[in-house]
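Structure file final.cif (mmCIF, C-alpha atoms and all ligand atoms) follows.
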```
data_start
loop_
_atom_site.label_atom_id
_atom_site.label_comp_id
_atom_site.auth_asym_id
_atom_site.auth_seq_id
_atom_site.Cartn_x
_atom_site.Cartn_y
_atom_site.Cartn_z
CA MET A 1 -0.01 -11.05 22.08
CA ALA A 2 -2.58 -12.14 19.49
CA THR A 3 -5.52 -13.85 21.15
CA ASN A 4 -8.27 -13.71 18.50
CA ASN A 5 -8.01 -16.31 15.77
CA ILE A 6 -9.69 -14.99 12.64
CA VAL A 7 -9.98 -16.55 9.18
CA VAL A 8 -10.79 -14.17 6.34
CA LEU A 9 -12.28 -16.22 3.51
CA GLY A 10 -11.55 -14.51 0.17
CA ALA A 11 -8.69 -12.40 -1.19
CA GLY A 12 -10.52 -9.91 -3.39
CA VAL A 13 -10.67 -6.25 -2.47
CA SER A 14 -13.33 -6.99 0.21
CA GLY A 15 -11.36 -9.75 1.95
CA LEU A 16 -8.02 -7.95 1.71
CA THR A 17 -9.34 -4.61 2.98
CA THR A 18 -11.10 -6.33 5.88
CA ALA A 19 -7.96 -8.34 6.69
CA TYR A 20 -5.84 -5.17 6.45
CA LEU A 21 -8.02 -3.29 8.97
CA LEU A 22 -8.23 -6.32 11.29
CA SER A 23 -4.45 -6.83 11.12
CA GLN A 24 -3.87 -3.34 12.55
CA ASP A 25 -5.03 -4.67 15.94
CA PRO A 26 -2.18 -6.76 17.45
CA SER A 27 -4.68 -8.89 19.39
CA ASN A 28 -5.90 -10.39 16.09
CA SER A 29 -4.16 -13.39 14.51
CA ILE A 30 -5.31 -13.60 10.89
CA THR A 31 -5.26 -16.22 8.17
CA VAL A 32 -6.49 -15.19 4.73
CA ALA A 33 -7.63 -18.32 2.87
CA ALA A 34 -8.84 -18.18 -0.72
CA LYS A 35 -9.17 -20.08 -3.96
CA HIS A 36 -7.84 -17.10 -5.95
CA MET A 37 -5.10 -14.70 -4.93
CA PRO A 38 -3.79 -11.43 -6.43
CA GLY A 39 -1.96 -12.31 -9.65
CA ASP A 40 -4.73 -14.67 -10.78
CA TYR A 41 -7.18 -13.78 -13.56
CA ASP A 42 -10.34 -15.85 -13.34
CA ILE A 43 -14.05 -15.40 -13.92
CA GLU A 44 -14.69 -16.40 -10.27
CA TYR A 45 -12.42 -13.57 -9.09
CA CYS A 46 -13.90 -10.15 -9.81
CA SER A 47 -11.39 -7.77 -8.23
CA PRO A 48 -8.53 -7.83 -10.79
CA TRP A 49 -10.91 -6.85 -13.62
CA ALA A 50 -12.13 -3.58 -12.10
CA GLY A 51 -11.02 -0.18 -13.47
CA ALA A 52 -11.02 0.81 -10.70
CA ASN A 53 -12.19 4.31 -9.93
CA TYR A 54 -14.27 6.26 -7.40
CA SER A 55 -17.64 7.08 -9.04
CA PRO A 56 -20.23 7.09 -6.25
CA MET A 57 -23.43 5.23 -7.19
CA GLY A 58 -25.22 5.04 -3.84
CA HIS A 59 -28.45 7.02 -3.40
CA PRO A 60 -28.52 9.63 -0.64
CA GLY A 61 -29.43 8.25 2.77
CA THR A 62 -28.55 4.61 1.93
CA ASN A 63 -25.84 2.46 3.51
CA HIS A 64 -24.33 2.23 0.05
CA ALA A 65 -23.77 6.02 -0.02
CA LYS A 66 -22.56 5.97 3.61
CA TRP A 67 -19.91 3.35 2.80
CA GLU A 68 -18.77 5.23 -0.31
CA ARG A 69 -18.53 8.47 1.66
CA ALA A 70 -16.40 6.70 4.30
CA THR A 71 -14.05 5.31 1.62
CA TRP A 72 -13.00 8.57 -0.06
CA GLU A 73 -10.68 9.75 2.72
CA PRO A 74 -8.71 6.46 3.03
CA LEU A 75 -8.30 6.28 -0.77
CA LYS A 76 -7.22 9.92 -0.88
CA ALA A 77 -4.71 9.35 1.95
CA LEU A 78 -3.24 6.30 0.16
CA THR A 79 -2.97 8.27 -3.08
CA GLU A 80 -1.15 11.12 -1.35
CA LYS A 81 1.09 9.18 1.02
CA HIS A 82 1.65 5.73 -0.52
CA PRO A 83 2.68 5.86 -4.19
CA GLU A 84 3.60 2.18 -3.88
CA ALA A 85 -0.15 1.35 -3.54
CA GLY A 86 -0.66 2.13 -7.25
CA ILE A 87 -3.40 4.77 -7.04
CA HIS A 88 -3.41 8.23 -8.60
CA PHE A 89 -5.75 11.20 -8.87
CA GLN A 90 -7.45 11.76 -12.18
CA GLU A 91 -9.97 14.28 -13.47
CA SER A 92 -13.28 12.52 -14.11
CA ILE A 93 -15.96 13.77 -16.51
CA ILE A 94 -19.39 12.18 -16.20
CA HIS A 95 -21.87 12.63 -19.06
CA ASN A 96 -25.61 12.14 -18.65
CA ARG A 97 -28.24 11.61 -21.31
CA LYS A 98 -31.83 11.97 -20.07
CA LYS A 99 -32.93 9.32 -22.56
CA ASP A 100 -30.98 6.74 -20.52
CA GLN A 101 -33.11 7.36 -17.42
CA GLU A 102 -35.12 4.13 -17.70
CA THR A 103 -32.39 1.85 -19.09
CA THR A 104 -30.31 -0.64 -17.08
CA THR A 105 -27.19 1.52 -17.22
CA GLY A 106 -29.12 4.78 -16.73
CA LYS A 107 -30.61 3.43 -13.48
CA TRP A 108 -27.16 2.24 -12.40
CA PHE A 109 -25.76 5.74 -13.02
CA SER A 110 -28.75 7.69 -11.64
CA ALA A 111 -27.18 8.88 -8.37
CA LEU A 112 -23.82 9.56 -10.03
CA VAL A 113 -25.24 11.86 -12.72
CA SER A 114 -27.47 13.95 -10.43
CA GLU A 115 -26.75 17.67 -10.89
CA ASN A 116 -26.67 18.14 -7.13
CA PRO A 117 -25.18 14.86 -5.84
CA TRP A 118 -24.38 14.12 -2.17
CA TYR A 119 -20.74 13.45 -3.05
CA LYS A 120 -20.10 16.97 -4.38
CA ASP A 121 -18.78 17.92 -0.93
CA VAL A 122 -16.70 14.73 -0.61
CA VAL A 123 -14.58 14.74 -3.77
CA PRO A 124 -12.38 17.74 -4.64
CA ASP A 125 -13.07 20.20 -7.46
CA PHE A 126 -16.67 19.21 -8.17
CA LYS A 127 -18.42 21.36 -10.75
CA ASN A 128 -21.29 21.07 -13.20
CA VAL A 129 -20.24 21.71 -16.79
CA PRO A 130 -21.94 24.90 -18.08
CA LYS A 131 -24.83 24.00 -20.42
CA ASP A 132 -23.27 25.87 -23.36
CA GLN A 133 -20.14 23.71 -23.11
CA LEU A 134 -21.93 20.32 -23.25
CA PRO A 135 -21.13 18.03 -26.17
CA PRO A 136 -24.04 17.24 -28.55
CA GLY A 137 -26.60 14.80 -27.12
CA ILE A 138 -25.50 15.34 -23.49
CA ASP A 139 -28.06 16.83 -21.07
CA ASN A 140 -25.75 17.47 -18.14
CA ALA A 141 -22.19 16.67 -17.12
CA GLN A 142 -19.98 17.09 -14.12
CA VAL A 143 -16.29 17.14 -13.44
CA PHE A 144 -14.44 16.23 -10.25
CA THR A 145 -11.17 14.78 -9.05
CA SER A 146 -11.44 11.01 -8.70
CA VAL A 147 -8.84 8.29 -8.22
CA CYS A 148 -7.87 5.42 -10.49
CA ILE A 149 -6.55 2.29 -8.84
CA ASN A 150 -4.18 -0.05 -10.66
CA THR A 151 -5.65 -3.30 -9.32
CA ALA A 152 -2.57 -5.27 -10.40
CA VAL A 153 -0.48 -3.15 -8.00
CA TYR A 154 -3.04 -2.36 -5.30
CA LEU A 155 -4.21 -5.92 -4.48
CA PRO A 156 -0.61 -7.16 -3.94
CA TRP A 157 0.05 -3.99 -1.90
CA LEU A 158 -2.82 -4.95 0.41
CA VAL A 159 -1.35 -8.46 0.73
CA GLY A 160 1.99 -6.89 1.68
CA GLN A 161 0.43 -4.66 4.34
CA CYS A 162 -1.42 -7.61 5.88
CA ARG A 163 1.76 -9.73 5.90
CA LYS A 164 3.73 -6.89 7.48
CA ASN A 165 1.11 -6.96 10.26
CA GLY A 166 1.53 -10.72 10.72
CA ALA A 167 -1.33 -12.13 8.61
CA VAL A 168 -0.73 -15.49 6.93
CA PHE A 169 -2.00 -16.26 3.41
CA LYS A 170 -2.93 -19.66 2.05
CA ARG A 171 -4.79 -21.23 -0.84
CA ALA A 172 -7.87 -23.20 0.06
CA VAL A 173 -11.24 -24.05 -1.45
CA PHE A 174 -14.22 -24.58 0.83
CA LYS A 175 -17.53 -26.26 0.08
CA HIS A 176 -19.12 -24.96 3.28
CA VAL A 177 -18.40 -21.65 5.00
CA SER A 178 -18.03 -23.35 8.39
CA ASP A 179 -15.12 -25.48 7.02
CA ALA A 180 -13.04 -22.29 6.89
CA ALA A 181 -12.96 -22.26 10.72
CA SER A 182 -10.38 -25.07 10.56
CA ALA A 183 -8.07 -23.14 8.19
CA HIS A 184 -6.39 -20.93 10.82
CA HIS A 185 -2.59 -21.27 10.63
CA SER A 186 -2.34 -21.96 14.38
CA GLY A 187 -4.17 -25.25 13.88
CA LYS A 188 -6.77 -24.07 16.38
CA PRO A 189 -10.37 -23.37 15.38
CA ALA A 190 -11.04 -19.79 14.35
CA ASP A 191 -13.09 -17.61 16.70
CA VAL A 192 -14.62 -15.89 13.67
CA VAL A 193 -14.77 -16.52 9.93
CA VAL A 194 -15.19 -13.41 7.77
CA ASN A 195 -16.93 -14.40 4.56
CA CYS A 196 -15.73 -12.25 1.63
CA THR A 197 -16.43 -14.66 -1.23
CA GLY A 198 -18.27 -12.20 -3.49
CA LEU A 199 -20.53 -13.78 -6.08
CA SER A 200 -19.49 -17.27 -4.92
CA SER A 201 -21.64 -16.81 -1.81
CA LYS A 202 -24.47 -17.80 -4.14
CA LYS A 203 -23.08 -21.37 -4.17
CA LEU A 204 -21.12 -21.58 -0.92
CA GLY A 205 -22.59 -24.13 1.52
CA GLY A 206 -24.12 -22.51 4.62
CA VAL A 207 -24.69 -19.25 2.72
CA LEU A 208 -26.43 -20.09 -0.62
CA ASP A 209 -27.55 -16.50 -1.10
CA ASP A 210 -30.24 -16.36 -3.78
CA LYS A 211 -30.20 -12.57 -3.83
CA LEU A 212 -26.79 -12.58 -5.58
CA TYR A 213 -26.45 -12.41 -9.36
CA PRO A 214 -23.78 -11.22 -11.81
CA ALA A 215 -23.65 -7.96 -13.76
CA ARG A 216 -21.21 -8.89 -16.49
CA GLY A 217 -18.59 -6.29 -17.33
CA GLN A 218 -16.48 -6.54 -20.46
CA ILE A 219 -13.37 -4.40 -20.83
CA ILE A 220 -10.32 -3.83 -23.00
CA VAL A 221 -6.96 -2.74 -21.60
CA VAL A 222 -5.01 -0.57 -24.05
CA ARG A 223 -1.69 1.27 -23.99
CA ASN A 224 -3.25 4.48 -25.39
CA GLU A 225 -3.91 7.30 -22.95
CA PRO A 226 -6.94 9.61 -23.25
CA GLY A 227 -5.58 12.04 -20.62
CA ARG A 228 -8.75 11.99 -18.54
CA MET A 229 -11.41 9.73 -17.07
CA VAL A 230 -14.66 9.77 -19.05
CA SER A 231 -18.02 8.06 -18.40
CA MET A 232 -21.47 8.20 -19.97
CA SER A 233 -24.84 7.02 -18.63
CA GLY A 234 -25.63 4.87 -21.67
CA THR A 235 -25.12 4.21 -25.36
CA ASP A 236 -27.34 3.72 -28.40
CA ASP A 237 -26.01 0.17 -28.86
CA GLY A 238 -28.05 -1.56 -26.15
CA GLU A 239 -29.51 -0.72 -22.79
CA ASP A 240 -26.91 -2.71 -20.84
CA GLU A 241 -23.92 -1.21 -22.63
CA VAL A 242 -22.11 1.76 -21.18
CA LEU A 243 -19.10 3.92 -21.89
CA TYR A 244 -16.18 4.62 -19.61
CA MET A 245 -12.42 4.92 -19.74
CA MET A 246 -9.72 5.53 -17.18
CA THR A 247 -5.96 5.27 -17.09
CA ARG A 248 -4.56 3.20 -14.25
CA ALA A 249 -1.72 4.51 -12.13
CA ALA A 250 1.87 3.32 -12.53
CA GLY A 251 1.79 2.22 -16.18
CA GLY A 252 -1.29 0.06 -15.76
CA GLY A 253 -2.74 1.01 -19.14
CA THR A 254 -6.17 2.42 -19.95
CA ILE A 255 -9.38 0.49 -19.30
CA LEU A 256 -12.09 0.88 -21.94
CA GLY A 257 -15.55 -0.24 -20.90
CA GLY A 258 -18.00 -1.61 -20.95
CA SER A 259 -21.18 -3.41 -20.14
CA TYR A 260 -23.53 -4.05 -17.22
CA GLN A 261 -25.25 -7.25 -18.29
CA LYS A 262 -27.40 -8.56 -15.48
CA HIS A 263 -27.69 -12.35 -15.02
CA GLN A 264 -25.08 -13.01 -17.73
CA TRP A 265 -22.33 -15.46 -16.75
CA ASP A 266 -20.36 -15.73 -20.04
CA PRO A 267 -16.62 -15.61 -19.15
CA LEU A 268 -15.43 -15.07 -22.74
CA PRO A 269 -15.07 -11.61 -24.29
CA ASP A 270 -17.67 -11.05 -27.01
CA PRO A 271 -15.71 -9.75 -30.06
CA ASN A 272 -18.67 -7.72 -31.36
CA LEU A 273 -19.15 -6.01 -28.01
CA ALA A 274 -15.40 -5.33 -27.92
CA LEU A 275 -15.64 -3.55 -31.30
CA ARG A 276 -18.53 -1.41 -30.05
CA ILE A 277 -16.64 -0.51 -26.85
CA MET A 278 -13.58 0.60 -28.83
CA LYS A 279 -15.61 2.58 -31.41
CA ARG A 280 -17.58 4.38 -28.69
CA ALA A 281 -14.40 5.27 -26.82
CA ILE A 282 -12.83 6.82 -29.92
CA ALA A 283 -16.06 8.66 -30.85
CA ILE A 284 -16.14 10.49 -27.51
CA CYS A 285 -12.38 10.82 -27.16
CA PRO A 286 -10.70 10.97 -30.63
CA GLU A 287 -7.37 11.91 -29.03
CA LEU A 288 -7.12 8.29 -27.80
CA VAL A 289 -5.69 7.43 -31.23
CA GLY A 290 -3.67 9.27 -33.87
CA LYS A 291 -5.38 11.81 -36.16
CA GLY A 292 -7.82 10.15 -38.56
CA GLN A 293 -7.35 6.73 -36.98
CA GLY A 294 -10.05 4.31 -35.90
CA ILE A 295 -9.80 1.23 -33.71
CA GLU A 296 -6.64 0.14 -35.56
CA GLY A 297 -4.97 2.98 -33.63
CA LEU A 298 -5.60 1.20 -30.33
CA ASP A 299 -2.71 -0.82 -28.91
CA ILE A 300 -4.46 -3.67 -27.07
CA VAL A 301 -2.95 -5.31 -23.98
CA ARG A 302 -5.85 -7.66 -23.25
CA HIS A 303 -9.58 -8.22 -23.41
CA GLY A 304 -11.34 -9.17 -20.19
CA VAL A 305 -14.60 -10.05 -18.49
CA GLY A 306 -15.49 -9.74 -14.83
CA LEU A 307 -18.73 -10.55 -13.03
CA ARG A 308 -19.81 -7.82 -10.60
CA PRO A 309 -21.34 -9.45 -7.51
CA LEU A 310 -24.70 -7.64 -7.46
CA ARG A 311 -27.13 -8.35 -4.65
CA ASP A 312 -30.81 -7.44 -4.32
CA GLY A 313 -31.02 -5.18 -1.28
CA GLY A 314 -27.31 -4.28 -1.40
CA PRO A 315 -24.19 -5.77 0.17
CA ARG A 316 -24.59 -8.18 3.07
CA ILE A 317 -22.54 -7.09 6.08
CA GLU A 318 -24.00 -9.16 8.84
CA ALA A 319 -23.06 -11.53 11.65
CA GLU A 320 -24.61 -14.95 12.18
CA LYS A 321 -23.81 -18.41 13.52
CA ILE A 322 -23.59 -21.21 10.97
CA GLN A 323 -23.22 -24.79 12.25
CA GLY A 324 -21.77 -23.44 15.49
CA VAL A 325 -19.23 -21.18 13.72
CA ALA A 326 -19.37 -17.39 14.18
CA VAL A 327 -19.44 -15.82 10.71
CA VAL A 328 -19.35 -12.18 9.65
CA HIS A 329 -20.37 -11.63 6.03
CA ASN A 330 -18.99 -8.90 3.78
CA TYR A 331 -20.03 -9.64 0.20
CA GLY A 332 -22.29 -8.46 -2.63
CA HIS A 333 -20.63 -5.17 -3.61
CA GLY A 334 -21.74 -5.07 -7.25
CA GLY A 335 -19.83 -2.45 -9.26
CA PHE A 336 -18.64 -0.50 -6.22
CA GLY A 337 -16.38 -2.88 -4.27
CA TYR A 338 -13.34 -0.57 -4.35
CA GLN A 339 -15.10 2.74 -3.82
CA SER A 340 -16.96 1.36 -0.78
CA SER A 341 -14.14 -0.94 0.42
CA TYR A 342 -13.04 0.93 3.55
CA GLY A 343 -16.58 1.80 4.66
CA CYS A 344 -17.74 -1.81 4.27
CA ALA A 345 -14.60 -3.30 5.84
CA ALA A 346 -14.93 -0.98 8.87
CA GLU A 347 -18.51 -2.19 9.34
CA ALA A 348 -17.36 -5.83 9.11
CA VAL A 349 -14.56 -5.14 11.64
CA ARG A 350 -17.12 -3.65 14.04
CA LEU A 351 -19.17 -6.85 13.78
CA VAL A 352 -16.08 -9.02 14.31
CA LYS A 353 -15.28 -7.08 17.51
CA GLU A 354 -18.87 -7.46 18.73
CA THR A 355 -18.76 -11.20 18.00
CA LEU A 356 -15.47 -11.62 19.88
CA GLN A 357 -16.80 -9.66 22.87
CA LYS A 358 -19.88 -11.86 23.02
CA LYS A 359 -17.60 -14.94 23.03
CA VAL A 360 -15.59 -13.54 25.93
CA GLN A 361 -18.76 -12.68 27.87
CA ALA A 362 -20.16 -16.17 27.25
CA LYS A 363 -16.97 -17.69 28.73
CA LEU A 364 -17.16 -15.56 31.94
C1 LIG A 401 -15.43 -4.56 -15.39
C2 LIG A 401 -15.55 -4.16 -13.95
C3 LIG A 401 -15.29 -2.86 -13.56
C4 LIG A 401 -15.40 -2.47 -12.22
N1 LIG A 401 -15.07 -1.18 -11.88
C5 LIG A 401 -15.15 -0.81 -10.58
C6 LIG A 401 -14.76 0.51 -10.21
O1 LIG A 401 -14.35 1.31 -11.03
N2 LIG A 401 -14.87 0.86 -8.88
C7 LIG A 401 -15.33 -0.02 -7.94
O2 LIG A 401 -15.41 0.35 -6.77
N3 LIG A 401 -15.68 -1.29 -8.29
C8 LIG A 401 -15.61 -1.70 -9.57
N4 LIG A 401 -15.97 -2.97 -9.92
C9 LIG A 401 -16.56 -3.86 -8.90
C10 LIG A 401 -15.51 -4.54 -8.05
O3 LIG A 401 -14.53 -5.10 -8.87
C11 LIG A 401 -16.19 -5.63 -7.18
O4 LIG A 401 -17.23 -5.07 -6.42
C12 LIG A 401 -15.17 -6.26 -6.25
O5 LIG A 401 -14.05 -6.70 -6.95
C13 LIG A 401 -15.75 -7.43 -5.46
O6 LIG A 401 -14.70 -7.90 -4.66
P1 LIG A 401 -14.86 -9.12 -3.67
O7 LIG A 401 -13.61 -9.17 -2.86
O8 LIG A 401 -16.14 -8.98 -2.90
O9 LIG A 401 -15.01 -10.40 -4.59
P2 LIG A 401 -13.90 -11.13 -5.50
O10 LIG A 401 -12.91 -10.20 -6.02
O11 LIG A 401 -14.66 -11.94 -6.49
O12 LIG A 401 -13.14 -12.10 -4.49
C14 LIG A 401 -13.74 -13.26 -3.99
C15 LIG A 401 -12.66 -14.06 -3.25
O13 LIG A 401 -13.29 -15.18 -2.59
C16 LIG A 401 -12.61 -16.37 -2.98
N5 LIG A 401 -13.55 -17.49 -2.90
C17 LIG A 401 -14.80 -17.53 -3.39
N6 LIG A 401 -15.39 -18.72 -3.10
C18 LIG A 401 -14.47 -19.44 -2.42
C19 LIG A 401 -14.47 -20.74 -1.83
N7 LIG A 401 -15.55 -21.53 -1.89
N8 LIG A 401 -13.34 -21.18 -1.22
C20 LIG A 401 -12.24 -20.38 -1.14
N9 LIG A 401 -12.20 -19.13 -1.68
C21 LIG A 401 -13.30 -18.67 -2.30
C22 LIG A 401 -12.10 -16.10 -4.37
O14 LIG A 401 -11.09 -17.02 -4.72
C23 LIG A 401 -11.61 -14.66 -4.17
O15 LIG A 401 -10.35 -14.67 -3.54
C24 LIG A 401 -15.84 -3.40 -11.25
C25 LIG A 401 -16.09 -4.72 -11.64
C26 LIG A 401 -15.96 -5.10 -12.97
C27 LIG A 401 -16.22 -6.52 -13.36
#
```

Can the structure from this file be put into structure tokens for me?
Ligand SMILES: Cc1cc2nc3c(=O)[nH]c(=O)nc-3n(C[C@H](O)[C@H](O)[C@H](O)COP(=O)(O)OP(=O)(O)OC[C@H]3O[C@@H](n4cnc5c(N)ncnc54)[C@H](O)[C@@H]3O)c2cc1C
Amino acid sequence: MATNNIVVLGAGVSGLTTAYLLSQDPSNSITVAAKHMPGDYDIEYCSPWAGANYSPMGHPGTNHAKWERATWEPLKALTEKHPEAGIHFQESIIHNRKKDQETTTGKWFSALVSENPWYKDVVPDFKNVPKDQLPPGIDNAQVFTSVCINTAVYLPWLVGQCRKNGAVFKRAVFKHVSDAASAHHSGKPADVVVNCTGLSSKKLGGVLDDKLYPARGQIIVVRNEPGRMVSMSGTDDGEDEVLYMMTRAAGGGTILGGSYQKHQWDPLPDPNLALRIMKRAIAICPELVGKGQGIEGLDIVRHGVGLRPLRDGGPRIEAEKIQGVAVVHNYGHGGFGYQSSYGCAAEAVRLVKETLQKKVQAKL
């Protein structure tokens, strides 16, 4: 019988993965309460906009790298055993230009483009591209098997798994994190609130985290298929513009990106940036379009913008009491919310268990 009343606040990849892991324990009774749910497209809801792939960005020895390492196996297992989750394997080619070393995107990519990265033993088929096979202007490149997640299929799949395990979903907007304690479907106060509100933790009462800020990402979804996943550490168009493309599983189209614009909140796609993204994609991968074609050969599904919830010092996975309510935070995952999702959620679940144990001990 479920004895622990838990409210998970937020239904992005962080909230849903945490709720999914928590729901596997029959002693947990879970309500997921959120302003936005899978199916919504909104600038306050980052998760639907992601590619999303597994391109580890954490530096060796950091929690970030630890969480990404811990996430590969669960994503691999889903890809192999659950086609209904909307994830597939895809060969990924990462290009590095030394001249990007000091730029915004070069720093973002620095761990990923290392010639001897920690993740080479985690992902299958890792190899450095021989120097004589590098395209012009590229200093080093590596190839490995990654995954690409169709977020429009995967987020609803997570909802389904949670519901199968008894979790209840409802829409709600909270001004203060402690208000979420009264959202449990039993009508009783929650024993723990898990705060997975992403960038909104900057404004959420009781949290007001000043270390959070957006890294704006603009993308285009097209029907064309390049046949592989391609990324590059930077571009010559601006130090916060980057190049990547990946084809989502299950007919999800190809994502062309992008940008990494820190402290920019603009929710509207910039048409000039969109042109640059499309031109760069075709320059590195002409087979995206028919022979001799330019951007007119791209069949556009939609333009989009998402705000990555970046946080100085990295994600916050921490327990605290706020106005008498036990809260476990799991937010601030920047551009790596999917590829670190299981590692971060497992850490949050550990803190939830600790919090519940302390409650039981306090009652004895
Ligand atoms: C263009 C782009 C590409 C990306 N590519 C990748 C990639 O390839 N791989 C990868 O791992 N990551 C990628 N990311 C990053 C990833 O998308 C994010 O790290 C992740 O989505 C963050 O998820 P979240 O659940 O923490 O936040 P969100 O998805 O923003 O969810 C927040 C939830 O909290 C709810 N909420 C917030 N405030 C309140 C409130 N006051 N009351 C009620 N509900 C509230 C919202 O409604 C929502 O349900 C990308 C991001 C972008 C923008």

> Neighbours of ligand LIG 401 (chain A) within 6 Å, counting only C-alpha atoms and all ligand atoms, as JSON, numbers by chain?
Replying inline: {"A": [9, 10, 11, 12, 13, 14, 15, 34, 35, 36, 37, 44, 45, 46, 47, 49, 50, 51, 52, 53, 54, 172, 173, 174, 175, 196, 197, 198, 200, 204, 217, 218, 219, 306, 307, 308, 331, 333, 334, 335, 336, 337, 338, 339]}

Create the file for the chosen residues now, containing C-alpha atoms and written as a compact mmCIF listing (two decimals), in the frame of the given file.
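The resulting file, part_25.txt, is shown below:
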```
# COMPACT_ATOMS: atom_id res chain seq x y z
CA LEU A 9 -12.28 -16.22 3.51
CA GLY A 10 -11.55 -14.51 0.17
CA ALA A 11 -8.69 -12.40 -1.19
CA GLY A 12 -10.52 -9.91 -3.39
CA VAL A 13 -10.67 -6.25 -2.47
CA SER A 14 -13.33 -6.99 0.21
CA GLY A 15 -11.36 -9.75 1.95
CA ALA A 34 -8.84 -18.18 -0.72
CA LYS A 35 -9.17 -20.08 -3.96
CA HIS A 36 -7.84 -17.10 -5.95
CA MET A 37 -5.10 -14.70 -4.93
CA GLU A 44 -14.69 -16.40 -10.27
CA TYR A 45 -12.42 -13.57 -9.09
CA CYS A 46 -13.90 -10.15 -9.81
CA SER A 47 -11.39 -7.77 -8.23
CA TRP A 49 -10.91 -6.85 -13.62
CA ALA A 50 -12.13 -3.58 -12.10
CA GLY A 51 -11.02 -0.18 -13.47
CA ALA A 52 -11.02 0.81 -10.70
CA ASN A 53 -12.19 4.31 -9.93
CA TYR A 54 -14.27 6.26 -7.40
CA ALA A 172 -7.87 -23.20 0.06
CA VAL A 173 -11.24 -24.05 -1.45
CA PHE A 174 -14.22 -24.58 0.83
CA LYS A 175 -17.53 -26.26 0.08
CA CYS A 196 -15.73 -12.25 1.63
CA THR A 197 -16.43 -14.66 -1.23
CA GLY A 198 -18.27 -12.20 -3.49
CA SER A 200 -19.49 -17.27 -4.92
CA LEU A 204 -21.12 -21.58 -0.92
CA GLY A 217 -18.59 -6.29 -17.33
CA GLN A 218 -16.48 -6.54 -20.46
CA ILE A 219 -13.37 -4.40 -20.83
CA GLY A 306 -15.49 -9.74 -14.83
CA LEU A 307 -18.73 -10.55 -13.03
CA ARG A 308 -19.81 -7.82 -10.60
CA TYR A 331 -20.03 -9.64 0.20
CA HIS A 333 -20.63 -5.17 -3.61
CA GLY A 334 -21.74 -5.07 -7.25
CA GLY A 335 -19.83 -2.45 -9.26
CA PHE A 336 -18.64 -0.50 -6.22
CA GLY A 337 -16.38 -2.88 -4.27
CA TYR A 338 -13.34 -0.57 -4.35
CA GLN A 339 -15.10 2.74 -3.82
```

> Of the candidates A:Met232, A:Val7, A:Ala111, A:Val328, which shows the shortest atom-to-atom distance to Ala141 (chain A), using only C-alpha atoms?
Replying inline: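 Distance minimum relative to Ala141 (chain A) lands on A:Met232.
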
What are the nearest atom pairs, with distances in Å to one decimal, for all residues of region 41-90 of chain A that come at most 7 Å from region 241-256 of chain A, using all atoms listed in the file, set out by chain and rising residue number as JSON lines?
```
{"residue": "A:Gly51", "atom": "CA", "partner": "A:Ile255", "partner_atom": "CA", "distance": 6.1}
{"residue": "A:Gly86", "atom": "CA", "partner": "A:Ala249", "partner_atom": "CA", "distance": 5.5}
{"residue": "A:Ile87", "atom": "CA", "partner": "A:Ala249", "partner_atom": "CA", "distance": 5.4}
{"residue": "A:His88", "atom": "CA", "partner": "A:Ala249", "partner_atom": "CA", "distance": 5.4}
```

For those residues, write C-alpha atoms to a file as a short mmCIF file (atom, residue, chain, number, x, y, z; two decimals), in the frame of the given file.
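Contents of selection.cif, as written:
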```cif
data_model
loop_
_atom_site.label_atom_id
_atom_site.label_comp_id
_atom_site.auth_asym_id
_atom_site.auth_seq_id
_atom_site.Cartn_x
_atom_site.Cartn_y
_atom_site.Cartn_z
CA GLY A 51 -11.02 -0.18 -13.47
CA GLY A 86 -0.66 2.13 -7.25
CA ILE A 87 -3.40 4.77 -7.04
CA HIS A 88 -3.41 8.23 -8.60
#
```

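Here CA of Glu239 (chain A) is placed at a distance of 28.7 Å from CA of Val123 (chain A).
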
> What is the distance between CA of Glu102 (chain A) and CA of Ser55 (chain A), in Å to one decimal?
Replying inline: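 Distance between the two atoms: 19.7 Å.
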
> What is the CA of Ala274 (chain A) to CA of Gly332 (chain A) distance in Å?
Replying inline: 26.4 Å

>> So, with all atoms listed in the file as the atoms that count, which of A:Ile317, A:Leu22, A:Ala181, A:Ala152 lies closest to Ala167 (chain A)?
In response: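 Among A:Ile317, A:Leu22, A:Ala181, A:Ala152, it is A:Leu22 that comes nearest to Ala167 (chain A).
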
> What lies within 7 Å of Tyr154 (chain A) using only C-alpha atoms, ignoring chain neighbours under 4 positions off, as a list in words?
Replying inline: Ala85, Gly86, Ile149, Asn150 and Leu158 of chain A

> Which of these residues is nearest to Ala281 (chain A), using all atoms listed in the file: A:Gly294, A:Pro26, A:Pro135, A:Pro38?
Replying inline: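 Answer, going by the shortest atom-to-atom distance: A:Gly294.
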
> Out of A:Ala77, A:Val192, A:Leu310, A:Cys344, which residue has the shortest atom-to-atom distance to Leu16 (chain A) when counting only C-alpha atoms?
Replying inline: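 Of all the options, A:Cys344 lies closest to Leu16 (chain A).
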
>> So, with only C-alpha atoms as the atoms that count, which of A:Lys99, A:Lys164, A:Lys188, A:Glu91 lies closest to Ser23 (chain A)?
In response: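 Smallest separation from Ser23 (chain A) among the options: A:Lys164.
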
>> Using all atoms listed in the file, can you tell me which of A:Lys127, A:Lys321, A:Arg228, A:His329 comes closest to Glu287 (chain A)?
In response: A:Arg228

> Which polymer residues have any atom within 9 Å of an atom of Pro267 (chain A), counting only C-alpha atoms, with same-chain residues fewer than 5 positions away left out, as a PyMOL selection string?
Replying inline: chain A and resi 42-43+216+304-307
